[in-house]
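What follows is a set of notes on a single structure, which appears directly below.
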Amino acid sequence: GEIIHLEDYQPTDFVLERVDLTFELDPLETKVEARLIFHRREGVAADRPLVLDGDELKMTGLLLDQEPIAAEDYTETGETLTIRGLPDSAPFEITVTTELSPQTNTKLMGLYRTNDVYCTQCEAEGFRRITFFPDRPDVLAVYTVNIIADKATVPLLLSNGNFLGGAGMGDGRHFAAWFDPHPKPSYLFALVAGDLGVVEDSFTTLSGREVVLKIYVEHGKEPRAAYAMDALKRSMRWDEEVFGREYDLDIFMIVAVSDFNMGAMENKGLNVFNDKYVLADPETATDQDYANIEAIIAHEYFHNWTGNRITCRDWFQLCLKEGLTVYRDHQFSADQRSRAVKRIAEVRHLKAEQFPEDGGPLAHPVRPTRYREINNFYTTTVYEKGSEVTGMIATLLGPDLFKAGMDLYFDRHDGQAVTIEDFIRCFEEASGRDLTQFSLWYHQAGTPLVSASGTYDASRQTFTLQLEQTVPPTPGQSTKQPVHIPLRFALISEDGTITEASSVSGAEVTGDVLHLVERSQSVTFEGIASRPVVSLNRGFSAPINLHFEKSSADRAQIARFETDLFARWQALNDMALDALVAATASVRAGTPVVCDQALIDALMATVSDDALEPAFRAQALALPSESDIAREIGRDNDPDAIFAARREIMTAIATAGRETFAGLFETMRSTEAFSPDAASAGRRALRNSALAYLVLAENAPTRAVEAFSAADNMTDLSQALTILVHRFPDTPEATAALESFQTRFADNALVLDKWFTVQATIPGAATLERVETLMAHPLFNGLNPNRVRALVGTFAFSNPTGFNRADGKGYRFLARQILDIDPRNPQLAARILTSMRSWRSLESGRAEHARAALSEIAAGAKLSPDVSDIVERTLK
Ligand code: B3K
Ligand code: ZN
């Protein structure tokens with residue numbers, strides 16, 4: 001594929017007025033008739049042809065105002081349909097007929113079949129796999145959709161908008177017609193047809209309108225949709241209360257399908273979901289599953305305003321809807337649960353997924369300026385960093401001006417397809433603040449590094465904070481400007497109270513926000529009576545790497561006295577990271593690992609503090625991951641040494657805290673019936689972390705085996721299984737537990753995914769053989785993206801010692817898998833391949849093996865644009 005550049009943007013030559021679609025559904029021969037009414041845009045030359053997009057289409061008819069078009073007046077290639085000689089200013093109708101084979105569409109883009117259900121996925125460029133069309137987000141039109149299918153086997157016929165009517169057709173078939181009054185881009189089109197069960201409810205909007213809510217699932221699974229329905233109603237209420245946004249159709253539908261390339265899709269009025277993010281009950285869903293369902297239901301619902309009512313002018317603006325909508329779903333979850341714990345989880349995720357992307361060969365700006373394959377830009381940079389950037393606008397402006405900016409945005413741009421510049425202008429106008437420098441966050445890739453150091457002058461009673469910022473070079477961007485970094489901070493005095501300076505010079509400070517805008521800034525705080533400890537980047541107010549060397553005593557001071565709970569966690573995590581990096585160096589040097597006693601003391605004090613919520617204490621116990629440690633070390637990484645070091649530090653903590661953990665394991669036991677609420681989930685999380693440490697301290701599987709047998713919910717069951725199998729693989733206990741789990745859940749695909757994942761993530765080189773054996777297991781299914789991600793994806797992304805085997809066989813396995821998956825599902829293959837993005841930070845032996853495996857993929861015959869784009873950028 002060619003490279004598309006932002007600067008080449010042009011509006012279309014023809015304006016699309018309306019769309020009428022008729023589908024005659026059949027597994028192998030679906031007929032689609034598209035009637036498209038256009039007129040030439042004012043000022044466009046009369047000889048300009050109409051150019052429509054297509055992808056793997058079989059065209060069976062083409063009419064202009066119901067008359068055939070002469071052969072010399074049109075050209076059809078696989079990818080475009082060009083029609084010449086069209087009217088100068090009068091509207092005209094193009095009728096295109098195409099024939100599709102949904103049953104054999106394994107790419108899961110366009111119209112496809114999953115478990116005998118017809119469904120569509122059109123974002124970003126899937127509509128062109130249905131018919132020839134101006135398939136771009138700035139073409140907004142109203143759609144009427146007629147669906148015809150066999151009545152007995154396909155009783156349910158759904159599309160966007162409101163139901164117009166339907167009836168039997170006398171030949172065993174029936175039809176349904178839908179009309180969506182809201183002009184929309186083609187990527188929000190959806191059609192679902194099949195035989196499904198439904199859960200129904202309703203919602204009364206703030207202005208008193210009644211909205212019918214329906215969630216469609218496979219027959220028999222209806223009870224498992226209850227939590228999703230509850231999350232939907234809470235999302236609708238929250239968007240009214242917090243953002244003043246009401247729903248705008250008479251009906252809102254969600255359909256759960258089992259074959260889906262990503263999490264879910266926000267099609268207007270008809271969201272399609274990966275069933276993993278709809279179905280839940282205590283027996284089969286973990287607390288994490290419940291939290292994900294709540295977040296994704298909210299995310300897709302929130303798109304109705306941020307994405308659908310106001311959409312993107314072009315795909316470079318993807319963060320306009322994604323970053324903003326992630327920000328909104330984060331706020332929602334924070335309001336529904338514990339704000340601090342939610343923030344910790346967000347930052348862990350950001351650092352684990354986005355920081356490596358931003359620091360590696362696939363780094364790109366939140367608002368890119370070029371792409372070869374748009375599917376490869378649905379990244380954590382666009383989503384999560386995009387959300388962080390939105391959050392920084394809120395921090396810079398404060399809640400009232402942020403709200404004023406959002407209101408202006410909704411008001412001014414409703415019904416439009418807009419750009420990031422349009423979005424930022426709303427906040428500038430609402431606040432009177434110039435956001436020019438701030439906008440660099442959208443345009444410069446790379447995680448800024450802030451180095452800080454402090455000096456206290458007792459005689460003057462001043463404290464000076466020296467701050468330097470650099471934005472590292474990234475592919476295509478070698479030099480960077482300093483960015484506007486809002487740093488929330490606190491000065492903690494020796495007695496643990498937070499000190500306010502009598503005055504500050506060298507930086508703008510508003511409330512607890514310090515504005516770092518220069519490359520280097522020296523900030524002096526006056527009236528400071530004793531040497532303060534600085535807590536910097538409270539709440540992770542900016543997505544930066546912070547280098548601020550501190551003694552563990554100072555870090556412990558923050559961990560103990562900060563009033564911002566996130567910062568307390570951050571301090572503990574920093575202490576642990578220091579210890580883990582030092583331990584890794586010891587392992588590589590062959591010297592004994594010693595665990596910092598201050599870390600153990602600070603952790604134990606936190607964990608035993610009953611004033612703190614259990615979920616927070618569980619987060620404190622979750623040490624930085626192996627990849628967090630690798631990222632901190634940065635280069636020449638040996639995953640085996642990191643694993644060994646981490647295991648030793650954990651064992652030291654486990655041994656020191658054995659009694660505490662045994663106590664928590666008892667006191668956090670639930671005596672009530674299962675509830676998925678955040679407080680109950682927090683108790684389970686703390687109890688299960690205690691279990692993990694206990695099993696390490698006891699160095700025996702007994703307690704995990706008991707916990708596995710005693711578990712009465714999936715969180716406890718899967719945690720016990722993971723602890724047992726990861727710590728004692730190949731023991732009779734682990735084998736028996738895996739077998740009983742598999743037998744018990746043999747007919748539940750989503751739970752079996754957990755069974756595959758537990759095994760794919762067993763630490764150590766031997767896991768590769770296990771994964772290869774599991775690929776041949778009768779329950780494995782290479783056509784189901786969830787299953788492929790559960791086994792191949794988690795092995796590559798989440799098993800550092802197994803995947804990065806020193807002999808390179810993990811990488812060669814991945815190369816074979818990518819080449820195998822790519823022809824049937826390029827998006828899935830490309831996504832899993834991004835697991836190679838940090839290969840250059842490995843020690844040279846592994847790095848060479850990784851390069852060889854990447855080259856093997858690059859040499860593959862007939863690579864998809866998706867995979868060739870990722871492999872080329874990764875190797876560069
Ligand atoms: N907008 C979709 C993602 C579509 C991905 C296409 N490759 C889901 C979401 O972000 O809400
Ligand atoms: Zn989204």
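Note on naming: chains are A, B, ... as they come in the structure tokens, residues start from 1 per chain, ligands start from 1 in the order shown.
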* Would you please extract all helix (DSSP H, G or I) residues from segment 20-177 of chain A, as assigned by DSSP on the backbone, and give them as a PyMOL selection string? => chain A and resi 71-73+102-104+127-129
Interface rows for segment 821-846 of chain A against segment 342-355 of chain A: nearest pair, Å to one decimal, 12 Å, only C-alpha atoms, as a tab-separated table:
residue	atom	partner	partner_atom	distance
A:Thr834	CA	A:Glu353	CA	10.5
A:Ser835	CA	A:Glu353	CA	10.0
A:Arg837	CA	A:Glu353	CA	10.6
A:Ser838	CA	A:Phe355	CA	10.6
Could you produce a table of the residues of chain A lying within 10 Å of ligand 2, with the nearest pair of atoms per residue and their separation in Å rounded to one decimal, using only C-alpha atoms and all ligand atoms, ordered by chain and increasing residue number, as a tab-separated table?
residue	atom	partner	partner_atom_place_in_ligand_line	distance
A:Gly263	CA	ligand 2	1 (Zn)	9.1
A:Ala264	CA	ligand 2	1 (Zn)	8.1
A:Met265	CA	ligand 2	1 (Zn)	7.3
A:Glu266	CA	ligand 2	1 (Zn)	7.2
A:Ile296	CA	ligand 2	1 (Zn)	8.5
A:Ala298	CA	ligand 2	1 (Zn)	9.9
A:His299	CA	ligand 2	1 (Zn)	6.2
A:Glu300	CA	ligand 2	1 (Zn)	6.2
A:Tyr301	CA	ligand 2	1 (Zn)	9.4
A:Phe302	CA	ligand 2	1 (Zn)	8.6
A:His303	CA	ligand 2	1 (Zn)	6.6
A:Thr306	CA	ligand 2	1 (Zn)	9.0
A:Gly307	CA	ligand 2	1 (Zn)	8.0
A:Leu318	CA	ligand 2	1 (Zn)	9.1
A:Cys319	CA	ligand 2	1 (Zn)	9.0
A:Lys321	CA	ligand 2	1 (Zn)	6.8
A:Glu322	CA	ligand 2	1 (Zn)	4.6
A:Gly323	CA	ligand 2	1 (Zn)	7.8
A:Leu324	CA	ligand 2	1 (Zn)	8.7
A:Thr325	CA	ligand 2	1 (Zn)	6.1
A:Val326	CA	ligand 2	1 (Zn)	6.8
A:Asp329	CA	ligand 2	1 (Zn)	9.6
A:Tyr378	CA	ligand 2	1 (Zn)	9.1
A:Tyr383	CA	ligand 2	1 (Zn)	7.6
Any chance you could export the current selection's N, CA and C atoms as a compact mmCIF listing (two decimals), in the first residue's frame?
# COMPACT_ATOMS: atom_id res chain seq x y z
N GLY A 263 -12.37 -5.24 20.65
CA GLY A 263 -13.26 -5.29 21.81
C GLY A 263 -14.73 -5.11 21.44
N ALA A 264 -15.01 -4.05 20.72
CA ALA A 264 -16.39 -3.74 20.40
C ALA A 264 -16.41 -2.63 19.36
N MET A 265 -17.63 -2.30 18.86
CA MET A 265 -17.75 -1.27 17.82
C MET A 265 -19.01 -0.45 18.03
N GLU A 266 -18.82 0.87 17.94
CA GLU A 266 -19.85 1.83 18.33
C GLU A 266 -20.86 2.19 17.25
N ILE A 296 -16.07 -1.02 28.74
CA ILE A 296 -16.24 -1.05 27.28
C ILE A 296 -17.69 -0.74 26.89
N ALA A 298 -19.49 1.29 28.50
CA ALA A 298 -19.51 2.75 28.64
C ALA A 298 -18.81 3.40 27.45
N HIS A 299 -17.63 2.90 27.12
CA HIS A 299 -16.85 3.48 26.02
C HIS A 299 -17.67 3.55 24.73
N GLU A 300 -18.24 2.42 24.36
CA GLU A 300 -18.99 2.40 23.09
C GLU A 300 -20.21 3.30 23.18
N TYR A 301 -20.87 3.29 24.32
CA TYR A 301 -22.04 4.16 24.47
C TYR A 301 -21.62 5.63 24.37
N PHE A 302 -20.53 5.99 25.03
CA PHE A 302 -20.08 7.39 25.01
C PHE A 302 -19.70 7.86 23.60
N HIS A 303 -19.30 6.91 22.75
CA HIS A 303 -18.99 7.29 21.37
C HIS A 303 -20.20 7.92 20.69
N THR A 306 -19.17 11.40 21.28
CA THR A 306 -17.78 11.67 20.89
C THR A 306 -17.34 10.59 19.89
N GLY A 307 -17.68 10.83 18.64
CA GLY A 307 -17.37 9.87 17.58
C GLY A 307 -18.50 9.84 16.56
N LEU A 318 -8.07 10.20 14.40
CA LEU A 318 -8.69 9.13 15.18
C LEU A 318 -8.74 9.43 16.69
N CYS A 319 -7.68 10.06 17.20
CA CYS A 319 -7.66 10.35 18.65
C CYS A 319 -8.76 11.33 19.05
N LYS A 321 -11.82 11.05 18.48
CA LYS A 321 -12.90 10.27 19.10
C LYS A 321 -12.36 9.26 20.10
N GLU A 322 -11.20 8.65 19.83
CA GLU A 322 -10.74 7.57 20.71
C GLU A 322 -10.11 8.09 22.00
N GLY A 323 -9.17 9.01 21.89
CA GLY A 323 -8.54 9.53 23.10
C GLY A 323 -9.59 10.17 24.01
N LEU A 324 -10.48 10.93 23.41
CA LEU A 324 -11.51 11.61 24.21
C LEU A 324 -12.47 10.60 24.84
N THR A 325 -12.83 9.58 24.09
CA THR A 325 -13.79 8.61 24.62
C THR A 325 -13.15 7.73 25.70
N VAL A 326 -11.88 7.41 25.54
CA VAL A 326 -11.19 6.69 26.62
C VAL A 326 -11.15 7.57 27.87
N ASP A 329 -14.50 7.26 29.41
CA ASP A 329 -14.79 5.99 30.12
C ASP A 329 -13.92 5.84 31.37
N TYR A 378 -4.79 1.90 15.41
CA TYR A 378 -5.68 1.78 16.58
C TYR A 378 -4.81 1.33 17.74
N TYR A 383 -5.17 5.81 21.65
CA TYR A 383 -6.21 5.62 22.67
C TYR A 383 -5.75 6.15 24.03
* Excluding same-chain residues fewer than 5 positions from Lys480 of chain A, what lies within 8 Å of it counting only C-alpha atoms, as a PyMOL selection string? -> chain A and resi 444+470-473
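Nearest residue to Met109 of chain A among A:Asn713, A:Gln827, A:Asn162, A:Thr131 is A:Gln827, counting only C-alpha atoms.
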If you run DSSP on this backbone, which residues of segment 29-72 of chain A come out as strand (DSSP E), and could you give them as a compact mmCIF listing (two decimals) with C-alpha atoms, in the first residue's frame?
# COMPACT_ATOMS: atom_id res chain seq x y z
CA THR A 30 -25.48 -12.26 -0.56
CA LYS A 31 -26.80 -9.62 -2.96
CA VAL A 32 -26.35 -5.98 -2.07
CA GLU A 33 -28.00 -3.16 -3.95
CA ALA A 34 -26.77 0.30 -3.04
CA ARG A 35 -28.64 3.34 -4.33
CA LEU A 36 -26.56 6.44 -3.76
CA ILE A 37 -27.73 9.97 -4.46
CA PHE A 38 -24.94 12.45 -5.15
CA HIS A 39 -24.49 15.95 -6.48
CA ARG A 40 -21.32 17.61 -7.68
CA LEU A 50 -16.78 10.12 -9.34
CA VAL A 51 -14.29 7.76 -7.69
CA LEU A 52 -15.63 5.17 -5.24
CA ASP A 53 -13.68 2.82 -2.98
CA LYS A 58 -17.68 -8.59 -7.20
CA MET A 59 -19.85 -6.03 -9.00
CA THR A 60 -22.91 -7.43 -10.78
CA GLY A 61 -24.64 -4.24 -11.90
CA LEU A 62 -24.18 -0.50 -12.33
CA LEU A 63 -26.83 2.09 -13.22
CA LEU A 64 -27.00 5.86 -13.48
CA GLU A 67 -30.10 3.37 -16.87
CA PRO A 68 -27.06 1.18 -17.66
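Reported to one decimal place, the separation of atom CA of His726 of chain A from atom CA of Ala641 of chain A is 17.3 Å.
Residues surrounding Leu686 of chain A within 10 Å are Val607, Glu613, Pro614, Ala615, Phe616, Arg617, Ala618, Gln619, Ala620, Leu621, Ala622, Phe661, Leu664, Phe665, Met668, Arg669, Ala681, Gly682, Ala690, Leu691 and Ala692 of chain A [only C-alpha atoms; sequence separation below 4 positions excluded].
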* Name the residues in contact with Ala571 of chain A at a cut-off of 7 Å, using only C-alpha atoms, excluding same-chain residues fewer than 3 positions from it; report them as JSON, numbers by chain. => {"A": [555, 556, 558, 559, 567, 568, 574, 575]}
* To do: List the neighbours of Ile147 of chain A out to 12 Å using only C-alpha atoms; skip same-chain residues closer than 3 positions along the sequence, and give me the result as a ChimeraX atom specification.
  => /A:20-26,30-33,118,144,150-151,154-160,163-169,173-179,190-194
* Determine, counting only C-alpha atoms, which protein, DNA and RNA residues have an atom within 9 Å of an atom of Thr584 of chain A; residues of the same chain fewer than 3 positions away are not included. Present the result as an MDAnalysis selection string. => chainID A and resid 579:581 587:589 593 629 638 641:646
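Nearest-residue note for Gly405 of chain A: choosing from A:Leu279, A:Ile424, A:Leu721, A:Ala585, the minimum distance belongs to A:Ile424, counting only C-alpha atoms.
Using only C-alpha atoms and all ligand atoms, the smallest distance between any of A:Asp358, A:Glu218, A:Glu373, A:Glu666 and ligand 1 comes from A:Glu373.
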* Separation of atom CA of Val504 of chain A from atom CA of Thr464 of chain A, in Å and rounded to one decimal -> 9.6 Å
Please report as a Markdown table every residue of segment 37-129 of chain A lying within 12 Å of segment 779-802 of chain A, along with the nearest atom pair and their distance in Å (one decimal), using only C-alpha atoms.
| residue | atom | partner | partner_atom | distance |
| --- | --- | --- | --- | --- |
| A:Thr104 | CA | A:Leu783 | CA | 11.1 |
| A:Asn105 | CA | A:Leu783 | CA | 10.8 |
| A:Thr106 | CA | A:Leu783 | CA | 7.4 |
| A:Lys107 | CA | A:Leu783 | CA | 9.5 |
| A:Leu108 | CA | A:Pro785 | CA | 9.6 |
| A:Arg113 | CA | A:Leu783 | CA | 11.8 |
| A:Thr114 | CA | A:Asn784 | CA | 9.3 |
| A:Asn115 | CA | A:Asn784 | CA | 10.5 |
* Interatomic distance between atom CA of Gln466 of chain A and atom CA of Asp434 of chain A? -> 25.2 Å
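Comparing A:His484, A:Arg631, A:Arg245, A:Arg328 by their smallest distance to ligand 1, the closest is A:Arg328 (using only C-alpha atoms and all ligand atoms).
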